[in-house]
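Participant: Coordinates in protein_31.txt, compact mmCIF, C-alpha atoms and all ligand atoms, are listed below.
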```txt
# COMPACT_ATOMS: atom_id res chain seq x y z
CA MET A 22 -121.38 -18.16 152.19
CA ASN A 23 -124.39 -16.97 150.17
CA PHE A 24 -126.76 -19.36 148.45
CA ASN A 25 -130.06 -19.09 146.57
CA VAL A 26 -132.58 -21.78 147.41
CA THR A 27 -135.96 -22.01 145.67
CA LEU A 28 -138.67 -23.34 147.97
CA LEU A 29 -141.60 -25.24 146.49
CA PRO A 30 -143.97 -25.87 149.40
CA GLY A 31 -146.70 -27.38 147.18
CA ASP A 32 -149.89 -28.86 148.62
CA GLY A 33 -151.23 -30.69 151.67
CA VAL A 34 -148.56 -31.09 154.33
CA GLY A 35 -145.97 -29.60 151.93
CA PRO A 36 -146.05 -26.07 153.40
CA GLU A 37 -145.70 -27.43 156.97
CA VAL A 38 -142.65 -29.58 156.22
CA ILE A 39 -141.06 -26.76 154.23
CA ASP A 40 -141.60 -24.40 157.20
CA SER A 41 -139.75 -26.95 159.36
CA ALA A 42 -136.87 -27.23 156.90
CA VAL A 43 -136.64 -23.43 156.67
CA ALA A 44 -136.42 -23.20 160.48
CA VAL A 45 -133.61 -25.75 160.37
CA LEU A 46 -131.80 -23.87 157.60
CA HIS A 47 -132.09 -20.63 159.61
CA ALA A 48 -130.47 -22.46 162.52
CA VAL A 49 -127.65 -23.58 160.19
CA GLU A 50 -127.21 -19.96 159.03
CA ARG A 51 -126.90 -18.77 162.62
CA ARG A 52 -124.69 -21.59 163.81
CA PHE A 53 -122.30 -21.63 160.83
CA GLY A 54 -122.54 -18.05 159.54
CA HIS A 55 -124.13 -18.57 156.11
CA ASP A 56 -126.76 -16.65 154.21
CA PHE A 57 -129.48 -18.67 152.50
CA HIS A 58 -131.81 -16.62 150.27
CA MET A 59 -134.96 -18.70 150.19
CA HIS A 60 -137.74 -17.80 147.75
CA PRO A 61 -141.06 -19.68 147.62
CA MET A 62 -142.63 -20.41 144.22
CA PRO A 63 -145.90 -22.18 143.32
CA ILE A 64 -146.12 -25.77 142.05
CA GLY A 65 -148.82 -28.45 141.96
CA GLY A 66 -152.41 -27.86 142.98
CA ASN A 67 -151.86 -24.38 144.41
CA ALA A 68 -150.17 -23.35 141.16
CA ILE A 69 -153.17 -24.68 139.20
CA ASP A 70 -155.48 -22.62 141.42
CA VAL A 71 -153.47 -19.42 141.01
CA THR A 72 -151.97 -19.64 137.51
CA GLY A 73 -153.96 -22.37 135.74
CA VAL A 74 -150.97 -24.73 135.26
CA PRO A 75 -149.16 -27.15 137.65
CA LEU A 76 -145.69 -25.85 136.76
CA PRO A 77 -145.70 -22.13 135.89
CA PRO A 78 -142.74 -21.21 133.62
CA GLU A 79 -141.55 -18.69 136.26
CA THR A 80 -141.19 -21.53 138.75
CA LEU A 81 -139.03 -23.61 136.40
CA THR A 82 -136.90 -20.56 135.54
CA ALA A 83 -136.38 -19.73 139.23
CA CYS A 84 -135.39 -23.36 139.97
CA ASN A 85 -132.89 -23.49 137.13
CA LYS A 86 -131.31 -20.23 138.34
CA SER A 87 -130.89 -21.24 141.97
CA ASP A 88 -128.22 -23.27 143.75
CA ALA A 89 -130.75 -25.84 144.93
CA VAL A 90 -134.48 -26.52 145.17
CA LEU A 91 -136.37 -27.80 148.19
CA LEU A 92 -139.82 -29.25 147.57
CA GLY A 93 -142.61 -30.25 149.99
CA ALA A 94 -145.25 -32.34 148.21
CA VAL A 95 -147.86 -31.98 145.50
CA GLY A 96 -151.40 -33.25 144.94
CA GLY A 97 -154.66 -33.72 146.78
CA PRO A 98 -158.29 -34.74 146.33
CA LYS A 99 -159.30 -31.26 145.14
CA TRP A 100 -157.40 -31.77 141.87
CA ASN A 101 -158.01 -35.52 141.34
CA ASP A 102 -160.55 -35.15 138.54
CA LEU A 103 -158.36 -33.02 136.31
CA LYS A 104 -156.98 -34.40 133.05
CA ALA A 105 -153.49 -35.98 133.25
CA HIS A 106 -151.57 -33.00 131.87
CA MET A 107 -153.24 -30.70 134.40
CA ARG A 108 -152.76 -32.81 137.52
CA PRO A 109 -150.52 -31.48 140.32
CA GLU A 110 -148.23 -34.53 139.89
CA LYS A 111 -147.59 -33.42 136.32
CA GLY A 112 -146.00 -30.28 137.81
CA LEU A 113 -143.44 -32.40 139.64
CA LEU A 114 -142.79 -34.64 136.62
CA SER A 115 -142.31 -31.57 134.38
CA LEU A 116 -139.97 -30.06 136.95
CA ARG A 117 -137.81 -33.21 137.04
CA ALA A 118 -137.75 -33.28 133.24
CA GLY A 119 -137.29 -29.50 132.90
CA MET A 120 -134.32 -29.53 135.29
CA LYS A 121 -132.99 -32.72 133.59
CA LEU A 122 -132.76 -34.52 136.93
CA PHE A 123 -132.32 -38.10 135.80
CA ALA A 124 -130.90 -39.56 139.02
CA ASN A 125 -132.97 -39.94 142.16
CA LEU A 126 -131.19 -41.06 145.32
CA ARG A 127 -133.34 -42.40 148.14
CA PRO A 128 -131.45 -43.51 151.23
CA ALA A 129 -133.49 -45.89 153.42
CA VAL A 130 -131.90 -46.08 156.84
CA LEU A 131 -133.41 -47.76 159.90
CA TYR A 132 -132.38 -45.82 163.01
CA ASP A 133 -131.75 -47.98 166.09
CA GLU A 134 -134.32 -45.88 167.97
CA LEU A 135 -137.00 -46.84 165.45
CA ILE A 136 -136.46 -50.62 165.49
CA PRO A 137 -139.66 -51.02 167.58
CA THR A 138 -141.57 -49.01 164.96
CA SER A 139 -140.37 -51.07 162.01
CA PRO A 140 -142.78 -53.80 160.86
CA LEU A 141 -139.74 -56.08 160.47
CA ARG A 142 -139.27 -58.95 162.92
CA PRO A 143 -136.86 -57.66 165.63
CA ASP A 144 -134.11 -60.17 164.72
CA LEU A 145 -134.20 -58.93 161.10
CA ALA A 146 -134.43 -55.27 162.10
CA LYS A 147 -131.42 -55.63 164.40
CA LYS A 148 -129.30 -56.74 161.44
CA GLY A 149 -129.78 -53.18 160.15
CA VAL A 150 -131.18 -51.50 157.06
CA ASP A 151 -128.99 -49.02 155.19
CA ILE A 152 -129.95 -49.08 151.53
CA MET A 153 -129.37 -46.46 148.85
CA ILE A 154 -131.98 -46.70 146.13
CA VAL A 155 -130.81 -45.16 142.86
CA ARG A 156 -133.91 -44.60 140.76
CA GLU A 157 -133.88 -43.46 137.14
CA LEU A 158 -136.12 -40.38 137.13
CA THR A 159 -136.75 -38.89 133.69
CA GLY A 160 -137.42 -41.94 131.52
CA GLY A 161 -139.29 -45.22 131.40
CA ILE A 162 -143.04 -45.63 131.58
CA TYR A 163 -143.44 -42.27 133.36
CA PHE A 164 -142.46 -40.43 130.20
CA GLY A 165 -143.30 -42.81 127.32
CA ASP A 166 -146.05 -42.41 124.78
CA ARG A 167 -149.53 -42.73 126.30
CA GLY A 168 -153.15 -42.22 125.46
CA TYR A 169 -156.44 -43.79 124.49
CA ARG A 170 -157.27 -45.68 121.31
CA ASP A 171 -159.76 -48.12 119.85
CA GLY A 172 -158.64 -51.68 120.50
CA ALA A 173 -160.04 -55.12 119.61
CA LEU A 174 -162.28 -55.02 122.72
CA GLY A 175 -163.29 -51.37 122.40
CA GLN A 176 -161.66 -48.30 123.90
CA GLU A 177 -158.36 -48.93 125.67
CA ALA A 178 -155.67 -46.90 127.42
CA TYR A 179 -151.95 -47.45 127.02
CA ASP A 180 -148.64 -46.31 128.53
CA THR A 181 -145.28 -47.28 127.09
CA GLU A 182 -141.92 -47.96 128.71
CA VAL A 183 -138.94 -46.75 126.69
CA TYR A 184 -135.27 -46.74 127.71
CA SER A 185 -132.33 -45.74 125.57
CA ILE A 186 -128.86 -47.18 126.17
CA ASN A 187 -127.71 -43.65 126.94
CA GLU A 188 -130.32 -43.19 129.71
CA VAL A 189 -129.37 -46.49 131.35
CA GLU A 190 -125.65 -45.80 131.04
CA ARG A 191 -125.78 -42.42 132.75
CA ILE A 192 -127.87 -43.63 135.70
CA ALA A 193 -125.70 -46.76 136.00
CA LYS A 194 -122.56 -44.60 136.16
CA ILE A 195 -124.07 -42.58 139.02
CA ALA A 196 -124.80 -45.85 140.84
CA PHE A 197 -121.29 -47.25 140.28
CA GLU A 198 -119.63 -44.01 141.43
CA LEU A 199 -121.79 -44.07 144.55
CA ALA A 200 -121.10 -47.77 145.13
CA MET A 201 -117.36 -46.94 145.19
CA THR A 202 -118.06 -44.71 148.24
CA ARG A 203 -120.18 -47.42 149.91
CA LYS A 204 -119.83 -51.20 150.07
CA LYS A 205 -118.91 -51.64 146.39
CA ARG A 206 -122.01 -53.77 145.82
CA ILE A 207 -124.91 -53.08 143.45
CA THR A 208 -128.18 -54.92 143.06
CA SER A 209 -129.61 -53.94 139.70
CA VAL A 210 -133.35 -54.61 139.67
CA ASP A 211 -135.37 -55.30 136.52
CA LYS A 212 -137.97 -57.60 134.98
CA SER A 213 -135.78 -59.03 132.27
CA ASN A 214 -137.73 -62.30 132.14
CA VAL A 215 -140.58 -60.31 130.59
CA LEU A 216 -139.60 -56.82 129.44
CA GLU A 217 -137.37 -55.83 126.51
CA THR A 218 -136.43 -52.56 128.26
CA SER A 219 -135.20 -54.65 131.20
CA ARG A 220 -133.02 -56.81 128.94
CA LEU A 221 -131.43 -53.65 127.54
CA TRP A 222 -131.08 -52.37 131.11
CA ARG A 223 -129.28 -55.54 132.26
CA ALA A 224 -126.91 -55.66 129.27
CA THR A 225 -126.07 -51.98 129.67
CA VAL A 226 -125.41 -52.26 133.41
CA ASP A 227 -123.09 -55.21 132.70
CA ARG A 228 -121.18 -53.12 130.18
CA VAL A 229 -120.83 -50.14 132.54
CA ALA A 230 -119.70 -52.59 135.24
CA LYS A 231 -116.58 -53.42 133.20
CA GLY A 232 -115.31 -49.92 134.05
CA TYR A 233 -115.67 -50.65 137.78
CA PRO A 234 -113.97 -54.02 138.36
CA GLU A 235 -114.03 -53.52 142.15
CA VAL A 236 -117.84 -53.31 142.29
CA LYS A 237 -119.76 -56.56 142.62
CA VAL A 238 -122.97 -56.51 140.57
CA GLU A 239 -125.94 -58.75 141.14
CA HIS A 240 -129.11 -58.70 138.99
CA MET A 241 -132.44 -59.34 140.65
CA LEU A 242 -135.98 -59.54 139.29
CA VAL A 243 -138.24 -56.90 140.76
CA ASP A 244 -140.80 -59.34 142.20
CA ASN A 245 -138.04 -61.21 144.02
CA CYS A 246 -136.56 -57.90 145.21
CA ALA A 247 -139.92 -56.87 146.69
CA MET A 248 -139.92 -60.14 148.63
CA GLN A 249 -136.26 -59.96 149.67
CA LEU A 250 -136.76 -56.42 151.03
CA VAL A 251 -139.05 -57.76 153.73
CA LYS A 252 -137.39 -61.16 154.19
CA ASN A 253 -133.78 -60.08 154.40
CA PRO A 254 -133.21 -56.36 153.82
CA SER A 255 -129.69 -56.32 155.25
CA GLN A 256 -128.46 -58.13 152.09
CA PHE A 257 -128.87 -54.85 150.12
CA ASP A 258 -126.47 -51.92 150.00
CA LEU A 259 -127.32 -50.12 146.75
CA ILE A 260 -130.32 -50.85 144.54
CA LEU A 261 -130.19 -49.51 140.98
CA THR A 262 -133.49 -49.53 139.15
CA SER A 263 -135.90 -47.90 136.71
CA ASN A 264 -138.32 -45.05 137.33
CA MET A 265 -141.41 -47.16 138.01
CA PHE A 266 -139.71 -49.97 139.97
CA GLY A 267 -137.81 -47.37 142.02
CA ASP A 268 -141.05 -45.58 142.88
CA ILE A 269 -142.59 -48.79 144.23
CA LEU A 270 -139.52 -50.28 145.95
CA SER A 271 -138.68 -47.00 147.71
CA ASP A 272 -142.07 -46.90 149.43
CA GLU A 273 -141.49 -50.49 150.55
CA ALA A 274 -137.99 -49.67 151.78
CA ALA A 275 -139.41 -46.61 153.59
CA ALA A 276 -142.00 -48.72 155.38
CA ILE A 277 -139.38 -51.10 156.78
CA THR A 278 -137.44 -48.15 158.23
CA GLY A 279 -140.45 -47.37 160.41
CA SER A 280 -142.27 -44.68 158.47
CA ILE A 281 -142.39 -43.05 155.07
CA GLY A 282 -142.14 -39.82 157.07
CA MET A 283 -138.42 -40.49 157.59
CA LEU A 284 -137.10 -40.76 154.03
CA PRO A 285 -135.51 -37.90 152.09
CA SER A 286 -134.44 -37.89 148.48
CA SER A 287 -132.24 -35.95 146.14
CA SER A 288 -132.63 -35.65 142.39
CA LEU A 289 -129.58 -34.79 140.37
CA GLY A 290 -128.62 -34.21 136.76
CA ALA A 291 -125.44 -33.30 134.98
CA GLY A 292 -124.86 -30.09 136.96
CA ASN A 293 -124.78 -29.12 140.60
CA ILE A 294 -128.37 -27.94 141.02
CA GLY A 295 -130.39 -30.58 142.79
CA LEU A 296 -134.01 -31.02 143.80
CA TYR A 297 -134.49 -32.20 147.37
CA GLU A 298 -137.74 -33.55 148.74
CA PRO A 299 -139.26 -36.04 151.17
CA ILE A 300 -140.40 -39.21 149.43
CA HIS A 301 -143.82 -39.00 151.08
CA GLY A 302 -146.77 -37.34 149.41
CA SER A 303 -149.04 -34.46 150.40
CA ALA A 304 -150.99 -36.49 153.03
CA PRO A 305 -154.17 -34.38 152.76
CA ASP A 306 -155.78 -36.26 155.67
CA ILE A 307 -153.35 -34.71 158.16
CA ALA A 308 -152.62 -31.41 156.38
CA GLY A 309 -152.78 -28.33 158.59
CA LYS A 310 -152.93 -30.40 161.81
CA ASP A 311 -149.29 -29.90 162.86
CA GLU A 312 -149.07 -33.70 162.92
CA VAL A 313 -146.80 -34.49 159.97
CA ASN A 314 -143.30 -35.85 160.56
CA PRO A 315 -140.88 -33.12 159.37
CA ILE A 316 -137.80 -35.40 159.50
CA ALA A 317 -137.88 -36.56 155.85
CA THR A 318 -137.80 -32.95 154.64
CA ILE A 319 -135.22 -31.90 157.22
CA LEU A 320 -132.99 -34.79 156.08
CA ALA A 321 -133.64 -33.70 152.47
CA ALA A 322 -132.37 -30.24 153.45
CA ALA A 323 -129.28 -31.94 154.90
CA MET A 324 -128.74 -33.76 151.58
CA MET A 325 -129.05 -30.37 149.86
CA LEU A 326 -126.39 -28.89 152.16
CA SER A 327 -123.87 -31.64 151.46
CA THR A 328 -124.59 -32.29 147.76
CA SER A 329 -125.48 -28.99 146.05
CA LEU A 330 -124.03 -26.46 148.54
CA LYS A 331 -120.99 -28.57 149.48
CA LEU A 332 -121.56 -27.78 153.18
CA VAL A 333 -120.65 -31.18 154.55
CA LYS A 334 -120.08 -30.39 158.23
CA GLU A 335 -123.35 -28.43 158.30
CA ALA A 336 -125.18 -31.42 156.82
CA THR A 337 -123.62 -33.70 159.43
CA ALA A 338 -124.80 -31.32 162.16
CA VAL A 339 -128.38 -31.56 160.86
CA ASP A 340 -128.25 -35.38 160.65
CA TYR A 341 -126.88 -35.53 164.17
CA ALA A 342 -129.53 -33.09 165.47
CA VAL A 343 -132.23 -35.43 164.11
CA LYS A 344 -130.62 -38.50 165.71
CA LYS A 345 -130.37 -36.65 169.03
CA ALA A 346 -134.07 -35.70 168.97
CA LEU A 347 -134.97 -39.35 168.33
CA ALA A 348 -132.58 -40.56 171.03
CA LYS A 349 -134.24 -38.17 173.49
CA GLY A 350 -137.48 -40.00 172.77
CA LEU A 351 -139.33 -37.42 170.70
CA ARG A 352 -141.73 -39.07 168.25
CA THR A 353 -144.24 -37.67 165.80
CA LYS A 354 -147.46 -39.66 165.51
CA ASP A 355 -146.30 -41.84 162.58
CA ILE A 356 -143.36 -43.22 164.57
CA ALA A 357 -144.93 -43.26 168.05
CA ASN A 358 -146.38 -46.80 167.98
CA GLY A 359 -149.62 -45.46 169.43
CA LYS A 360 -147.72 -44.01 172.41
CA LYS A 361 -147.18 -40.37 173.39
CA HIS A 362 -146.27 -38.17 170.46
CA VAL A 363 -145.23 -34.59 169.73
CA THR A 364 -146.34 -32.14 167.06
CA CYS A 365 -144.43 -31.31 163.91
CA SER A 366 -143.46 -27.92 165.37
CA ARG A 367 -142.20 -29.44 168.62
CA MET A 368 -140.02 -31.94 166.74
CA THR A 369 -138.70 -29.10 164.57
CA GLU A 370 -137.95 -26.93 167.60
CA GLU A 371 -135.94 -29.73 169.22
CA ILE A 372 -133.88 -30.26 166.05
CA VAL A 373 -133.27 -26.50 165.76
CA ILE A 374 -132.05 -26.34 169.37
CA ASN A 375 -129.74 -29.30 168.75
CA ILE A 376 -128.18 -27.52 165.77
CA LEU A 377 -127.71 -24.26 167.65
CA ASN A 378 -126.06 -26.19 170.50
CA SER A 379 -123.88 -28.32 168.23
C1 LIG B 401 -142.53 -39.98 144.32
C2 LIG B 401 -143.98 -39.73 144.01
C3 LIG B 401 -144.10 -39.21 142.59
C4 LIG B 401 -143.58 -40.28 141.68
C5 LIG B 401 -145.50 -38.75 142.18
C6 LIG B 401 -146.06 -37.70 143.12
C7 LIG B 401 -145.53 -38.25 140.76
O1 LIG B 401 -144.75 -40.86 144.22
O2 LIG B 401 -141.73 -39.03 144.26
O3 LIG B 401 -142.18 -41.13 144.62
O4 LIG B 401 -144.32 -41.22 141.33
O5 LIG B 401 -142.41 -40.19 141.29
MN MN B 402 -143.62 -42.54 145.08
```
Any chance you could put this one into structure tokens?

Facilitator:
Amino acid sequence: MNFNVTLLPGDGVGPEVIDSAVAVLHAVERRFGHDFHMHPMPIGGNAIDVTGVPLPPETLTACNKSDAVLLGAVGGPKWNDLKAHMRPEKGLLSLRAGMKLFANLRPAVLYDELIPTSPLRPDLAKKGVDIMIVRELTGGIYFGDRGYRDGALGQEAYDTEVYSINEVERIAKIAFELAMTRKKRITSVDKSNVLETSRLWRATVDRVAKGYPEVKVEHMLVDNCAMQLVKNPSQFDLILTSNMFGDILSDEAAAITGSIGMLPSSSLGAGNIGLYEPIHGSAPDIAGKDEVNPIATILAAAMMLSTSLKLVKEATAVDYAVKKALAKGLRTKDIANGKKHVTCSRMTEEIVINILNS
């Protein structure tokens, strides 16, 4: 089949991980007889350099016209001093908002092969980690009113968290539908002992839950959840939470799976077009060194295959190719525990071969 995929390599290690994912997608084309038309467009710092803005309108238009979007990473020290609305990160936030992608799914899975790399105590790691984090992506403090003003103690800055019932309902429904395909358990994470938005969140989740009597819902405060993730992560199956809490908890969940270089994510809205990206950032310190772990982006491409392109057996082949490369002992630097490691291109090559031989 024919598909249009917009590629957004971005900054730092972004172009390298996108190159890896493209190699993998070419292997899928050859192995399964598809045709992926992949067009790169600028976003983030490189877009600022070339066009003056972090999300050029042509990029957003191309994304909204394609079947799916694959993004590397944005940001870097070169653009750190720019005003908020001109930062590379603003490009990504405007893209999420512009594509109306309110649901962000971040699966944190600890592979058996990476148990020695996980900072968890071996007895805890052996119990397994397989958590789906469902993060609200276009609301909350990321998008509320912000600015500077004169306060009682002089100049002050402020950000505001806002959630409507509608925003919580639609993300909760995504989580409940997903829970029905998993262990039918949801941990909804908030800070309802302090925040009004969290109290609305909790009440709304409870109301949506009435439509899913088979799903067991537990509410947990975010500080406790941060602790439980390192003390006893196997208690979690699906975590439903707000934009800001999801950002923080997903990095923590990534770390316990061995490396942030392993975690993909998909961002979805009402339609079929999704945005797929690794959860790691642009890692400027290792950019251009062929050292980055390409697996998060390759797994993001697999999520794209199964979710937006409905190519489920192809996605399974990619997932399996990654597992096989790990089982063979190949490790990029971030997951090598200081032992022998391979380059990003070598890891990619192995995964490509596994797909072609699948
Ligand atoms: C992420 C990133 C982004 C976020 C940044 C780059 C804006 O940290 O995808 O987790 O905070 O959402
Ligand atoms: Mn983040």

Participant: If you measure from atom CA of A:Lys310 to atom CA of A:Val339, what distance in Å do you get, rounded to one decimal?

Facilitator: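 Computing the Euclidean distance for atom CA of A:Lys310 and atom CA of A:Val339 yields 24.6 Å.
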
Participant: Please return as number ranges by chain the residues found within 9 Å of ligand MN 402 (chain B), counting only C-alpha atoms and all ligand atoms.

Facilitator: A: 265, 267-272, 300-302

Participant: Have a look at atom CA of A:Pro30 and atom CA of A:Asn67 and let me know their distance in Å, one decimal.

Facilitator: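 Taking atom CA of A:Pro30 and atom CA of A:Asn67, their separation equals 9.5 Å.
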
Participant: List the spatial neighbours of A:Ala44 as a VMD selection string - criterion: any atom at most 10 Å away, all atoms listed in the file, same-chain residues fewer than 2 positions off excluded.

Facilitator: chain A and resid 38 to 42 46 to 50 319 366 369 to 370 372 to 373

Participant: Excluding A:Lys349 and its own-chain neighbours fewer than 3 positions away, which residues fall within 12 Å of it when counting only C-alpha atoms? Please give them as a PyMOL selection string.

Facilitator: chain A and resi 134+342-346+352+368+371-372+375

Participant: Separation of atom CA of A:Phe164 and atom CA of A:Met324, in Å?

Facilitator: 26.3 Å

Participant: Out of A:Ala178, A:Leu103, A:Met153, A:Cys365, which residue has the shortest atom-to-atom distance to A:Ser209 when counting all atoms listed in the file?

Facilitator: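 Among A:Ala178, A:Leu103, A:Met153, A:Cys365, it is A:Met153 that comes nearest to A:Ser209.
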
Participant: Let me have the centre and edge lengths of the axis-aligned box enclosing all listed atoms of ligand LIG 401 (chain B) with 4 Å padding on every side, in Å to one decimal, as JSON.

Facilitator:
```
{"center_x": -143.9, "center_y": -39.5, "center_z": 142.7, "size_x": 12.3, "size_y": 11.5, "size_z": 11.9}
```

Participant: Go through A:Asp244, A:Glu79, A:Asp88, A:Asp32 one by one, measure the shortest atom-to-atom distance of each to A:Ile294 using only C-alpha atoms, and give the residue with the smallest value.

Facilitator: A:Asp88

Participant: Which residue, A:Ala173, A:Met248, A:Ala275, A:Ala89, has the smallest gap to ligand LIG 401 (chain B) when you use only C-alpha atoms and all ligand atoms?

Facilitator: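 With only C-alpha atoms and all ligand atoms as the atom set, the closest residue is A:Ala275.
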
Participant: Which residue out of A:Ser303, A:Ser185, A:Asn25, A:Asn214 has the minimum interatomic distance to A:Ile281 when all atoms listed in the file are used?

Facilitator: A:Ser303

Participant: Residues within 12 Å of stretch 231-238 of chain A, please, as JSON, numbers by chain. Count all atoms listed in the file; anything in the same chain fewer than 6 positions from it doesn't count.

Facilitator: {"A": [190, 193, 194, 195, 196, 197, 198, 199, 200, 201, 202, 203, 204, 205, 206, 207, 208, 209, 210, 223, 224, 225, 257, 258, 259, 260, 261]}

Participant: Between A:Leu158, A:Leu289, A:Val183, A:Val150, which is the closest to ligand LIG 401 (chain B) once you count all atoms listed in the file?

Facilitator: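 Under the stated criterion, the closest residue is A:Leu158.
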
Participant: Could you pull the residues within 7 Å of stretch 51-55 of chain A, counting all atoms listed in the file, minus those fewer than 5 positions along the same chain, as a PyMOL selection string?

Facilitator: chain A and resi 22-23+377

Participant: When distances are computed from only C-alpha atoms and all ligand atoms, which of A:Leu332, A:Ile162, A:Ala247, A:Ala322 shows the smallest separation from ligand LIG 401 (chain B)?

Facilitator: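 So, comparing all the options, the nearest one is A:Ile162.
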
Participant: Kindly extract all protein, DNA and RNA residues lying within 12 Å of the coordinates (-141.7, -40.5, 167.4) given in the file, considering only C-alpha atoms, and supply them as number ranges by chain.

Facilitator: A: 132, 134-139, 279-280, 282-283, 312-316, 343-344, 346-365, 367-368
